[in-house]
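Here's the structure, in structure tokens; my notes come after.
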Amino acid sequence: CAVVCVTAGNDYLSNIAEFSETVVLGKRMENPVFLVGQSPDLAAFLPDRTMDSENLTSLRNAKKKLRSCKPSLVILCVGSDDDISLCQSVAEYIRQGLANQDTRIILMHNPTQQLDEVVWLEEFQINACLTASEAKAKFNASVLKRELATFEYIENTYRQHDAETEMLVCITRFSRSDEKLTALLSTFSNALARLCHAHCSFEIYLENTSRFRVRNSDIAGKELVKALQSLLSEGGLPASLAQAIEEQHPQIHLLDESGGLEPVTQLITTRIGSYLAFPIVVYKRVVCLLLYLIPEQEMDRVSMKQITIINKAAEQLTVLLERKQAESSLKKQYTRLRDTLLELKSTKQALAHNEKLASIGRMAAGIAHEINNPLSFVISNFSSMDSYLDNIIQLQSMQSELLTAIDIQQDQKAAHLKQSLSEFEEQAGIPFILEDIRAIVADSFNGLQRVKNIISDLRSFSHNQTGEKEVCDFSVLLDDTLKMMRYDLDNKVSIEREVQFKGVLHTHTGLIEQVLVNLIKNAVQAMETAGTAEPVIRISAKELDNMLHIRIRDNGPGMTADIQQKIFEPFFTTKPIGEGTGLGLSVVYNIMQRLDGSIQCASEPGVFTEFTLQLPLQQEDASEA
């Protein structure tokens, strides 16, 4: 919006000029005065011909001018009947076409024109009707002065509302914006300066109790900032400003000669009448002091309403800044926690890697132990085999010489060789060698077969799940497993079956068979070793909670609680050395994990051992089935 500026030569128009001039943030803006009419000398309608104004003699010209600015005063000059239509059109365009209710419209007509003033007031919403005569010049001047003052009041009210709105928006930005605090404070400071009609403003940052840093503001010149910085550096904070910091509350007071700001105010051409000190408080600590110097002619425009708004703004700003600082602290803490978590994750991965290496070491030690046992006696057997072969070769050489002597009919030499051969056979124990060499070969074969079984179990233990799932009937799968084990069972153990599950499984049948074989074989070997009188294995299966529960129970020797805790560990076995690898139940546990199932063991020494398998029953669609 523009501001009224009307000039004249006499005292009356000088008063009008005082009403029509204002200084807003150092910039002068003007609202023109328009005279509407077609009379030769429209200025004659004014109380004084020297008033600055512009004539509008056509509707087209009037619309163009009215769209480009907001006039403070439009005087409708009716000197003849031809002016009536033009003036009515201009008034209607201002009020309805532009929706402008702020511009003051005055109807001024010659005494010879008899107009219906009521119609003009109601239909065209003019503000006053005046008669252009010398006798009413003083009255007309007072009305013009009043209307100009009214327009100025309206414009000031708008500016005040705009300043209040802008300050509230700035406060809102503190909670939503990611800008730096100094940038937000500068925006807020400028909005507050407009609200209190300040001539200049400063941002004083408190670095410590005796050190201050003055920051430049949009409406404070560099010379003023240097002067205030020098004042604070030399003499410290004036008492008028120290009070605001001590009380941590906005202070607005008159600026007297003892205010301590004379080095700054002397550089300002406008007379400063009061000041506003606005402390920015965060957690009961003043981080910045906003200082505003208010001109003396603007002091009456700072009302109690504005002071109340300033106090409320201080409270809200403190809350928002504390919240913003808390959010910043939380973000920093979150960053530290995230970095710590990443470090912990990295450490965990390193520990897991070290644990894997340790597990591999333990596994390698177990493998070496298991393979060394059969290899030791195989190597020992081959050492004996080497000695036996030397004796057999020597025996065969002596036999060849005997045959040669017989062929050439050297009876005496043949008799001697025959005697030596008999003595060597007796001395070397050839019958024992021939008998023992077969046992050595058999033992060596068994030892190598054991090494092969250990390697096979290791491959089953470490091999990933292969093959595709298929639909199978558990009853048929169990029948096939028992048929495959008929030589291991060999009527040694009674098998009791109770399969209540009539559905189908969608799983890896080979892996399930391997699990059943290992568990049944372990039960048979345990009962055979313990010499159970009537060994029985009960196998049951039923559906429960969308899971297939398979139980394999024997009436063998059972296990203690300590052994139950270790049975799934690789290379743990209760069998004598050379009779078990300790990998069977580890393979079973690994398979159940890969099948998304589980295995549990329950046992009582001398009574029973029972393994419970749980497999998920997945519903597959018809096409996949």
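Lettering and numbering for the structure tokens are positional, with chains as A, B, ... in the shown order, residues counted from 1 in each chain, and ligands counted from 1 in the shown order.
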
- Please provide as a PyMOL selection string all residues within 12 Å of stretch 485-493 of chain A, with the sequence filter that same-chain residues fewer than 5 positions apart are discarded (counting only C-alpha atoms). chain A and resi 478-480+513-514+516-528+531-538+554-556

Write a file of the just-selected residues containing N, CA, C and O atoms, as an mmCIF file, in the first residue's frame.
data_model
loop_
_atom_site.group_PDB
_atom_site.id
_atom_site.type_symbol
_atom_site.label_atom_id
_atom_site.label_comp_id
_atom_site.auth_asym_id
_atom_site.auth_seq_id
_atom_site.Cartn_x
_atom_site.Cartn_y
_atom_site.Cartn_z
ATOM 1 N N LEU A 478 7.322 -93.668 5.269
ATOM 2 C CA LEU A 478 7.760 -94.471 6.408
ATOM 3 C C LEU A 478 7.939 -95.935 6.011
ATOM 4 O O LEU A 478 8.905 -96.597 6.425
ATOM 5 N N ASP A 479 7.012 -96.451 5.176
ATOM 6 C CA ASP A 479 7.146 -97.840 4.701
ATOM 7 C C ASP A 479 8.448 -98.013 3.933
ATOM 8 O O ASP A 479 9.186 -99.002 4.138
ATOM 9 N N ASP A 480 8.746 -97.082 3.046
ATOM 10 C CA ASP A 480 9.968 -97.191 2.257
ATOM 11 C C ASP A 480 11.204 -97.139 3.148
ATOM 12 O O ASP A 480 12.200 -97.848 2.902
ATOM 13 N N GLU A 513 13.750 -89.014 4.865
ATOM 14 C CA GLU A 513 14.202 -90.403 4.993
ATOM 15 C C GLU A 513 15.526 -90.480 5.749
ATOM 16 O O GLU A 513 15.723 -91.365 6.596
ATOM 17 N N GLN A 514 16.436 -89.540 5.454
ATOM 18 C CA GLN A 514 17.725 -89.541 6.133
ATOM 19 C C GLN A 514 17.544 -89.307 7.635
ATOM 20 O O GLN A 514 18.221 -89.931 8.459
ATOM 21 N N LEU A 516 14.816 -90.049 9.458
ATOM 22 C CA LEU A 516 14.219 -91.258 10.059
ATOM 23 C C LEU A 516 15.241 -92.380 10.181
ATOM 24 O O LEU A 516 15.296 -93.081 11.209
ATOM 25 N N VAL A 517 16.080 -92.568 9.165
ATOM 26 C CA VAL A 517 17.090 -93.635 9.203
ATOM 27 C C VAL A 517 18.060 -93.414 10.357
ATOM 28 O O VAL A 517 18.377 -94.348 11.120
ATOM 29 N N ASN A 518 18.564 -92.176 10.516
ATOM 30 C CA ASN A 518 19.522 -91.898 11.592
ATOM 31 C C ASN A 518 18.916 -92.135 12.959
ATOM 32 O O ASN A 518 19.551 -92.725 13.839
ATOM 33 N N LEU A 519 17.673 -91.682 13.172
ATOM 34 C CA LEU A 519 17.047 -91.836 14.495
ATOM 35 C C LEU A 519 16.744 -93.301 14.793
ATOM 36 O O LEU A 519 16.969 -93.784 15.922
ATOM 37 N N ILE A 520 16.206 -94.022 13.808
ATOM 38 C CA ILE A 520 15.890 -95.439 14.046
ATOM 39 C C ILE A 520 17.169 -96.237 14.255
ATOM 40 O O ILE A 520 17.246 -97.118 15.138
ATOM 41 N N LYS A 521 18.212 -95.965 13.445
ATOM 42 C CA LYS A 521 19.475 -96.702 13.586
ATOM 43 C C LYS A 521 20.082 -96.443 14.958
ATOM 44 O O LYS A 521 20.600 -97.366 15.611
ATOM 45 N N ASN A 522 20.056 -95.191 15.435
ATOM 46 C CA ASN A 522 20.580 -94.887 16.767
ATOM 47 C C ASN A 522 19.831 -95.651 17.844
ATOM 48 O O ASN A 522 20.425 -96.169 18.795
ATOM 49 N N ALA A 523 18.479 -95.727 17.707
ATOM 50 C CA ALA A 523 17.687 -96.455 18.704
ATOM 51 C C ALA A 523 18.033 -97.951 18.716
ATOM 52 O O ALA A 523 18.191 -98.566 19.782
ATOM 53 N N VAL A 524 18.163 -98.530 17.505
ATOM 54 C CA VAL A 524 18.506 -99.958 17.423
ATOM 55 C C VAL A 524 19.869 -100.227 18.048
ATOM 56 O O VAL A 524 20.039 -101.169 18.854
ATOM 57 N N GLN A 525 20.893 -99.401 17.718
ATOM 58 C CA GLN A 525 22.235 -99.611 18.242
ATOM 59 C C GLN A 525 22.280 -99.419 19.751
ATOM 60 O O GLN A 525 22.972 -100.176 20.460
ATOM 61 N N ALA A 526 21.520 -98.432 20.266
ATOM 62 C CA ALA A 526 21.523 -98.193 21.713
ATOM 63 C C ALA A 526 20.913 -99.362 22.458
ATOM 64 O O ALA A 526 21.447 -99.820 23.488
ATOM 65 N N MET A 527 19.780 -99.887 21.962
ATOM 66 C CA MET A 527 19.141 -101.013 22.650
ATOM 67 C C MET A 527 19.958 -102.286 22.502
ATOM 68 O O MET A 527 20.024 -103.119 23.419
ATOM 69 N N GLU A 528 20.634 -102.456 21.369
ATOM 70 C CA GLU A 528 21.477 -103.644 21.167
ATOM 71 C C GLU A 528 22.671 -103.607 22.100
ATOM 72 O O GLU A 528 23.048 -104.636 22.701
ATOM 73 N N GLY A 531 21.559 -104.264 25.602
ATOM 74 C CA GLY A 531 20.969 -105.577 25.807
ATOM 75 C C GLY A 531 19.545 -105.508 26.296
ATOM 76 O O GLY A 531 19.155 -106.284 27.213
ATOM 77 N N THR A 532 18.751 -104.619 25.727
ATOM 78 C CA THR A 532 17.350 -104.498 26.121
ATOM 79 C C THR A 532 16.634 -105.808 25.818
ATOM 80 O O THR A 532 16.773 -106.382 24.726
ATOM 81 N N ALA A 533 15.836 -106.276 26.819
ATOM 82 C CA ALA A 533 15.203 -107.606 26.702
ATOM 83 C C ALA A 533 14.223 -107.659 25.540
ATOM 84 O O ALA A 533 14.325 -108.524 24.656
ATOM 85 N N GLU A 534 13.275 -106.799 25.497
ATOM 86 C CA GLU A 534 12.277 -106.787 24.429
ATOM 87 C C GLU A 534 12.293 -105.393 23.778
ATOM 88 O O GLU A 534 11.467 -104.536 24.094
ATOM 89 N N PRO A 535 13.215 -105.172 22.869
ATOM 90 C CA PRO A 535 13.337 -103.828 22.264
ATOM 91 C C PRO A 535 12.151 -103.496 21.364
ATOM 92 O O PRO A 535 11.741 -104.324 20.548
ATOM 93 N N VAL A 536 11.612 -102.296 21.558
ATOM 94 C CA VAL A 536 10.461 -101.833 20.784
ATOM 95 C C VAL A 536 10.698 -100.377 20.372
ATOM 96 O O VAL A 536 11.139 -99.564 21.197
ATOM 97 N N ILE A 537 10.375 -100.090 19.126
ATOM 98 C CA ILE A 537 10.409 -98.689 18.635
ATOM 99 C C ILE A 537 8.996 -98.334 18.200
ATOM 100 O O ILE A 537 8.431 -99.002 17.331
ATOM 101 N N ARG A 538 8.453 -97.264 18.805
ATOM 102 C CA ARG A 538 7.109 -96.799 18.463
ATOM 103 C C ARG A 538 7.230 -95.525 17.619
ATOM 104 O O ARG A 538 7.842 -94.556 18.043
ATOM 105 N N ASP A 554 11.802 -95.256 21.924
ATOM 106 C CA ASP A 554 12.310 -96.611 22.190
ATOM 107 C C ASP A 554 12.325 -96.853 23.686
ATOM 108 O O ASP A 554 12.259 -95.918 24.487
ATOM 109 N N ASN A 555 12.405 -98.136 24.062
ATOM 110 C CA ASN A 555 12.463 -98.503 25.476
ATOM 111 C C ASN A 555 13.862 -98.941 25.858
ATOM 112 O O ASN A 555 14.072 -99.898 26.612
ATOM 113 N N GLY A 556 14.845 -98.211 25.301
ATOM 114 C CA GLY A 556 16.245 -98.538 25.535
ATOM 115 C C GLY A 556 16.797 -97.949 26.812
ATOM 116 O O GLY A 556 16.042 -97.608 27.747
#

- Message: Can you pull out the residues contacting A:Asn127? Cut-off 8 Å, using only C-alpha atoms, and skip same-chain residues under 6 positions away; I want them as a list of chain:residue names.
- Response: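 Surrounding residues, per the criterion: A:Arg104, A:Ile105, A:Ile106, A:Leu107, A:Leu121.
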
Can you spit out the residues from that selection as a JSON list (two decimals), in the first residue's frame, using N, CA, C and O atoms?
[["chain", "number", "residue", "atom", "x", "y", "z"],
["A", 104, "ARG", "N", -10.62, 7.30, 0.17],
["A", 104, "ARG", "CA", -11.67, 8.24, 0.58],
["A", 104, "ARG", "C", -12.19, 8.95, -0.68],
["A", 104, "ARG", "O", -11.40, 9.51, -1.46],
["A", 105, "ILE", "N", -13.52, 8.92, -0.89],
["A", 105, "ILE", "CA", -14.15, 9.56, -2.05],
["A", 105, "ILE", "C", -14.99, 10.74, -1.55],
["A", 105, "ILE", "O", -15.90, 10.57, -0.71],
["A", 106, "ILE", "N", -14.69, 11.93, -2.07],
["A", 106, "ILE", "CA", -15.40, 13.15, -1.67],
["A", 106, "ILE", "C", -16.13, 13.71, -2.91],
["A", 106, "ILE", "O", -15.54, 13.86, -3.98],
["A", 107, "LEU", "N", -17.42, 13.99, -2.75],
["A", 107, "LEU", "CA", -18.20, 14.64, -3.80],
["A", 107, "LEU", "C", -18.19, 16.14, -3.54],
["A", 107, "LEU", "O", -18.65, 16.59, -2.48],
["A", 121, "LEU", "N", -24.42, 8.96, -1.35],
["A", 121, "LEU", "CA", -23.87, 8.31, -0.15],
["A", 121, "LEU", "C", -24.20, 6.82, -0.10],
["A", 121, "LEU", "O", -23.37, 5.99, 0.28]]

- Message: From a backbone DSSP assignment, name each residue in stretch 434-559 of chain A labelled strand (DSSP E), as a ChimeraX atom specification.
- Response: /A:470-472,494-499,505-507,536-544,547-554

- Query: Got a sec to tell me which of stretch 455-562 of chain A DSSP assigns to alpha helix (DSSP H), as a VMD selection string?
  - Reply: chain A and resid 455 to 462 474 to 484 486 to 489 509 to 530 561 to 562

Atoms to include: C-alpha atoms. Write the selected residues as a compact mmCIF listing (two decimals), in the first residue's frame.
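Final output, saved to part-v8.txt:
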# COMPACT_ATOMS: atom_id res chain seq x y z
CA ILE A 455 33.62 -88.04 4.98
CA SER A 456 30.07 -88.94 3.87
CA ASP A 457 28.62 -87.71 7.16
CA LEU A 458 30.61 -84.49 6.89
CA ARG A 459 29.26 -83.88 3.40
CA SER A 460 25.71 -84.41 4.67
CA PHE A 461 26.39 -82.07 7.58
CA SER A 462 27.73 -79.19 5.48
CA PHE A 474 4.08 -89.89 5.05
CA SER A 475 2.77 -93.42 5.51
CA VAL A 476 4.34 -94.48 2.20
CA LEU A 477 7.57 -92.64 3.07
CA LEU A 478 7.76 -94.47 6.41
CA ASP A 479 7.15 -97.84 4.70
CA ASP A 480 9.97 -97.19 2.26
CA THR A 481 12.31 -96.21 5.09
CA LEU A 482 11.61 -99.37 7.07
CA LYS A 483 12.07 -101.54 3.96
CA MET A 484 15.43 -99.90 3.34
CA ARG A 486 15.25 -104.31 7.00
CA TYR A 487 18.82 -105.64 7.24
CA ASP A 488 19.61 -103.28 10.15
CA LEU A 489 16.44 -104.31 11.96
CA THR A 509 11.52 -86.74 0.87
CA GLY A 510 15.21 -87.69 0.73
CA LEU A 511 16.03 -85.49 3.71
CA ILE A 512 13.09 -86.82 5.74
CA GLU A 513 14.20 -90.40 4.99
CA GLN A 514 17.73 -89.54 6.13
CA VAL A 515 16.36 -88.16 9.43
CA LEU A 516 14.22 -91.26 10.06
CA VAL A 517 17.09 -93.63 9.20
CA ASN A 518 19.52 -91.90 11.59
CA LEU A 519 17.05 -91.84 14.50
CA ILE A 520 15.89 -95.44 14.05
CA LYS A 521 19.47 -96.70 13.59
CA ASN A 522 20.58 -94.89 16.77
CA ALA A 523 17.69 -96.46 18.70
CA VAL A 524 18.51 -99.96 17.42
CA GLN A 525 22.24 -99.61 18.24
CA ALA A 526 21.52 -98.19 21.71
CA MET A 527 19.14 -101.01 22.65
CA GLU A 528 21.48 -103.64 21.17
CA THR A 529 24.45 -102.30 23.13
CA ALA A 530 22.44 -102.10 26.37
CA ALA A 561 20.29 -84.70 31.31
CA ASP A 562 23.96 -83.82 30.68

Can you tell me which residues surround A:Phe608 at a distance of at most 9 Å, considering only C-alpha atoms, apart from same-chain residues fewer than 2 positions away, and format the answer as a PDB file with C-alpha atoms, in the first residue's frame?
ATOM      1  CA  ARG A 553      10.272 -93.634  21.008  1.00  0.00           C
ATOM      2  CA  ASP A 554      12.310 -96.611  22.190  1.00  0.00           C
ATOM      3  CA  ASN A 555      12.463 -98.503  25.476  1.00  0.00           C
ATOM      4  CA  GLY A 556      16.245 -98.538  25.535  1.00  0.00           C
ATOM      5  CA  PRO A 557      18.770 -97.362  28.123  1.00  0.00           C
ATOM      6  CA  GLY A 558      17.815 -93.671  27.923  1.00  0.00           C
ATOM      7  CA  MET A 559      20.110 -90.711  28.567  1.00  0.00           C
ATOM      8  CA  ALA A 602      13.033 -86.388  25.972  1.00  0.00           C
ATOM      9  CA  SER A 603      14.617 -89.268  27.882  1.00  0.00           C
ATOM     10  CA  GLU A 604      14.711 -91.027  31.224  1.00  0.00           C
ATOM     11  CA  PRO A 605      17.692 -93.232  32.080  1.00  0.00           C
ATOM     12  CA  GLY A 606      16.776 -96.926  31.952  1.00  0.00           C
ATOM     13  CA  GLU A 610      11.854 -90.115  22.518  1.00  0.00           C
TER      14      GLU A 610
END

- Message: Using only C-alpha atoms for the distances, tell me which of A:Gln297, A:Asn190, A:Asn110, A:Ser420 is nearest to A:Gly273.
- Response: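 Of all the options, A:Gln297 lies closest to A:Gly273.
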
- Near-A:Ile126 list (10 Å; only C-alpha atoms; drop same-chain fewer than 6 positions) as an MDAnalysis selection string: chainID A and resid 74:76 88 91:92 95 101 103:107 117:120

Just-selected residues, all heavy atoms written as a short mmCIF file (atom, residue, chain, number, x, y, z; two decimals), in the first residue's frame:
data_model
loop_
_atom_site.label_atom_id
_atom_site.label_comp_id
_atom_site.auth_asym_id
_atom_site.auth_seq_id
_atom_site.Cartn_x
_atom_site.Cartn_y
_atom_site.Cartn_z
N VAL A 74 -9.95 10.67 -3.61
CA VAL A 74 -10.51 10.93 -4.93
C VAL A 74 -11.64 11.94 -4.76
O VAL A 74 -12.62 11.68 -4.04
CB VAL A 74 -11.04 9.63 -5.59
CG1 VAL A 74 -11.74 9.95 -6.91
CG2 VAL A 74 -9.90 8.65 -5.82
N ILE A 75 -11.47 13.09 -5.39
CA ILE A 75 -12.48 14.17 -5.28
C ILE A 75 -13.28 14.20 -6.58
O ILE A 75 -12.73 14.45 -7.66
CB ILE A 75 -11.81 15.53 -5.01
CG1 ILE A 75 -10.96 15.44 -3.74
CG2 ILE A 75 -12.84 16.63 -4.89
CD1 ILE A 75 -10.20 16.71 -3.45
N LEU A 76 -14.58 13.93 -6.46
CA LEU A 76 -15.48 13.96 -7.62
C LEU A 76 -15.98 15.40 -7.80
O LEU A 76 -16.76 15.91 -7.00
CB LEU A 76 -16.65 13.00 -7.40
CG LEU A 76 -16.27 11.54 -7.09
CD1 LEU A 76 -17.54 10.70 -6.84
CD2 LEU A 76 -15.43 10.94 -8.19
N GLN A 88 -19.98 9.30 -11.31
CA GLN A 88 -20.66 8.09 -10.82
C GLN A 88 -19.94 6.82 -11.29
O GLN A 88 -19.79 5.86 -10.54
CB GLN A 88 -22.11 8.11 -11.30
CG GLN A 88 -22.98 9.16 -10.61
CD GLN A 88 -24.40 9.15 -11.15
OE1 GLN A 88 -24.68 8.57 -12.20
NE2 GLN A 88 -25.30 9.83 -10.44
N ALA A 91 -16.71 6.37 -9.22
CA ALA A 91 -17.01 5.92 -7.87
C ALA A 91 -17.41 4.44 -7.86
O ALA A 91 -17.00 3.65 -7.00
CB ALA A 91 -18.09 6.79 -7.26
N GLU A 92 -18.24 4.06 -8.84
CA GLU A 92 -18.69 2.66 -8.92
C GLU A 92 -17.51 1.72 -9.22
O GLU A 92 -17.42 0.62 -8.67
CB GLU A 92 -19.76 2.54 -10.00
CG GLU A 92 -20.39 1.15 -10.06
CD GLU A 92 -21.51 1.09 -11.08
OE1 GLU A 92 -21.67 2.06 -11.86
OE2 GLU A 92 -22.22 0.08 -11.12
N ARG A 95 -15.37 1.31 -5.92
CA ARG A 95 -15.97 0.49 -4.86
C ARG A 95 -16.28 -0.94 -5.30
O ARG A 95 -16.08 -1.89 -4.53
CB ARG A 95 -17.26 1.16 -4.37
CG ARG A 95 -17.07 2.52 -3.71
CD ARG A 95 -16.10 2.46 -2.55
NE ARG A 95 -16.12 3.70 -1.79
CZ ARG A 95 -15.08 4.22 -1.17
NH1 ARG A 95 -13.91 3.60 -1.25
NH2 ARG A 95 -15.17 5.35 -0.49
N GLN A 101 -12.39 -0.24 -0.53
CA GLN A 101 -13.20 0.49 0.43
C GLN A 101 -12.37 1.44 1.28
O GLN A 101 -12.90 2.10 2.19
CB GLN A 101 -13.91 -0.51 1.37
CG GLN A 101 -14.80 -1.52 0.65
CD GLN A 101 -15.96 -0.86 -0.08
OE1 GLN A 101 -16.51 0.15 0.39
NE2 GLN A 101 -16.34 -1.41 -1.23
N THR A 103 -9.91 3.85 -0.01
CA THR A 103 -9.73 5.19 -0.61
C THR A 103 -10.93 6.08 -0.25
O THR A 103 -12.09 5.67 -0.36
CB THR A 103 -9.61 5.07 -2.13
OG1 THR A 103 -8.42 4.35 -2.45
CG2 THR A 103 -9.54 6.44 -2.78
N ARG A 104 -10.62 7.30 0.17
CA ARG A 104 -11.67 8.24 0.58
C ARG A 104 -12.19 8.95 -0.68
O ARG A 104 -11.40 9.51 -1.46
CB ARG A 104 -11.16 9.26 1.58
CG ARG A 104 -10.29 8.70 2.68
CD ARG A 104 -10.91 7.50 3.36
NE ARG A 104 -12.08 7.86 4.14
CZ ARG A 104 -12.91 6.99 4.72
NH1 ARG A 104 -12.72 5.68 4.53
NH2 ARG A 104 -13.95 7.40 5.41
N ILE A 105 -13.52 8.92 -0.89
CA ILE A 105 -14.15 9.56 -2.05
C ILE A 105 -14.99 10.74 -1.55
O ILE A 105 -15.90 10.57 -0.71
CB ILE A 105 -15.04 8.57 -2.82
CG1 ILE A 105 -14.20 7.35 -3.27
CG2 ILE A 105 -15.66 9.25 -4.03
CD1 ILE A 105 -15.02 6.30 -4.00
N ILE A 106 -14.69 11.93 -2.07
CA ILE A 106 -15.40 13.15 -1.67
C ILE A 106 -16.13 13.71 -2.91
O ILE A 106 -15.54 13.86 -3.98
CB ILE A 106 -14.42 14.23 -1.14
CG1 ILE A 106 -13.60 13.65 0.03
CG2 ILE A 106 -15.17 15.48 -0.70
CD1 ILE A 106 -14.43 13.27 1.22
N LEU A 107 -17.42 13.99 -2.75
CA LEU A 107 -18.20 14.64 -3.80
C LEU A 107 -18.19 16.14 -3.54
O LEU A 107 -18.65 16.59 -2.48
CB LEU A 107 -19.64 14.10 -3.81
CG LEU A 107 -20.60 14.81 -4.76
CD1 LEU A 107 -20.13 14.66 -6.22
CD2 LEU A 107 -22.01 14.30 -4.57
N GLU A 117 -27.80 14.06 -2.45
CA GLU A 117 -26.62 13.56 -1.74
C GLU A 117 -26.85 12.19 -1.11
O GLU A 117 -25.92 11.39 -0.97
CB GLU A 117 -26.20 14.57 -0.67
CG GLU A 117 -25.77 15.92 -1.26
CD GLU A 117 -25.34 16.91 -0.19
OE1 GLU A 117 -25.50 16.57 1.01
OE2 GLU A 117 -24.83 17.98 -0.55
N VAL A 118 -28.10 11.90 -0.73
CA VAL A 118 -28.40 10.60 -0.12
C VAL A 118 -28.11 9.46 -1.10
O VAL A 118 -27.55 8.42 -0.75
CB VAL A 118 -29.86 10.55 0.36
CG1 VAL A 118 -30.21 9.17 0.89
CG2 VAL A 118 -30.09 11.61 1.43
N VAL A 119 -28.51 9.67 -2.36
CA VAL A 119 -28.26 8.65 -3.38
C VAL A 119 -26.77 8.43 -3.56
O VAL A 119 -26.29 7.29 -3.66
CB VAL A 119 -28.92 9.07 -4.71
CG1 VAL A 119 -28.54 8.08 -5.82
CG2 VAL A 119 -30.43 9.14 -4.55
N TRP A 120 -26.01 9.52 -3.58
CA TRP A 120 -24.56 9.39 -3.73
C TRP A 120 -23.94 8.66 -2.53
O TRP A 120 -23.04 7.82 -2.69
CB TRP A 120 -23.92 10.77 -3.88
CG TRP A 120 -24.14 11.39 -5.23
CD1 TRP A 120 -25.24 12.07 -5.67
CD2 TRP A 120 -23.22 11.36 -6.33
NE1 TRP A 120 -25.09 12.47 -6.96
CE2 TRP A 120 -23.84 12.05 -7.41
CE3 TRP A 120 -21.96 10.86 -6.52
CZ2 TRP A 120 -23.21 12.22 -8.63
CZ3 TRP A 120 -21.34 11.04 -7.75
CH2 TRP A 120 -21.96 11.69 -8.78
#

- Message: Residues near A:Val143, anyone? I mean within 12 Å using only C-alpha atoms, not counting same-chain ones fewer than 2 positions away, as JSON, numbers by chain.
- Response: {"A": [12, 16, 46, 47, 73, 75, 104, 105, 106, 107, 108, 127, 128, 129, 130, 131, 136, 137, 138, 139, 140, 141, 145, 146, 147, 148, 149, 150]}

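Closest to A:Asn31 among A:Ser72, A:Ser329, A:Ser494, A:Ser233 is A:Ser72, based on only C-alpha atoms.
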
- Item | Gap from atom CA of A:Asp596 to atom CA of A:Pro616 - Å, one decimal |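 A separation of 7.1 Å between them.
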
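The spacing separating atom CA of A:His161 from atom CA of A:Leu195 amounts to 8.5 Å.
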
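Here the question is which of A:Pro295, A:His253, A:Gly503, A:Tyr334 gets nearest to A:Thr270 using only C-alpha atoms, and that residue is A:Pro295.
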
- Task: For A:Leu255, list every protein, DNA or RNA residue within 8 Å, evaluated using only C-alpha atoms, and leave out those in the same chain fewer than 4 positions away; present the list as a list in words.
- Result: Gly259, Ile272, Gly273, Ser274 and Tyr275 of chain A

Could you take the residues named above and write them with C-alpha atoms, as a JSON list (two decimals), in the first residue's frame?
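Generated output (out.json):
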[["chain", "number", "residue", "atom", "x", "y", "z"],
["A", 259, "GLY", "CA", 20.76, 5.21, 28.68],
["A", 272, "ILE", "CA", 15.19, 8.40, 19.02],
["A", 273, "GLY", "CA", 12.61, 8.42, 21.80],
["A", 274, "SER", "CA", 12.53, 4.83, 23.13],
["A", 275, "TYR", "CA", 14.11, 1.41, 22.74]]

- Which residues come within 10 Å of A:Ser384, counting only C-alpha atoms, excluding same-chain residues fewer than 3 positions away, as a PyMOL selection string? chain A and resi 378-381+387-389+433+436-437+440

Would you save the residues of that selection, restricted to C-alpha atoms, as a compact mmCIF listing (two decimals), in the first residue's frame?
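Below you can see selection-v3.txt, which holds the result:
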# COMPACT_ATOMS: atom_id res chain seq x y z
CA VAL A 378 45.71 -99.13 8.89
CA ILE A 379 49.26 -97.71 8.80
CA SER A 380 50.32 -100.11 11.55
CA ASN A 381 48.82 -103.01 9.60
CA SER A 387 57.48 -107.47 7.06
CA TYR A 388 55.19 -110.32 6.04
CA LEU A 389 55.81 -109.60 2.39
CA ILE A 433 51.56 -114.92 8.28
CA ASP A 436 47.13 -112.97 9.74
CA ILE A 437 47.57 -111.24 6.41
CA ILE A 440 45.12 -107.39 8.31

- Using only C-alpha atoms, the best pick from A:Thr187, A:Asn446, A:Thr182, A:Thr165 as closest to A:Arg215 would be A:Thr182

- Residue among A:Val499, A:Val225, A:Leu448, A:Ala242 lying closest to A:Pro374, counting only C-alpha atoms: A:Leu448
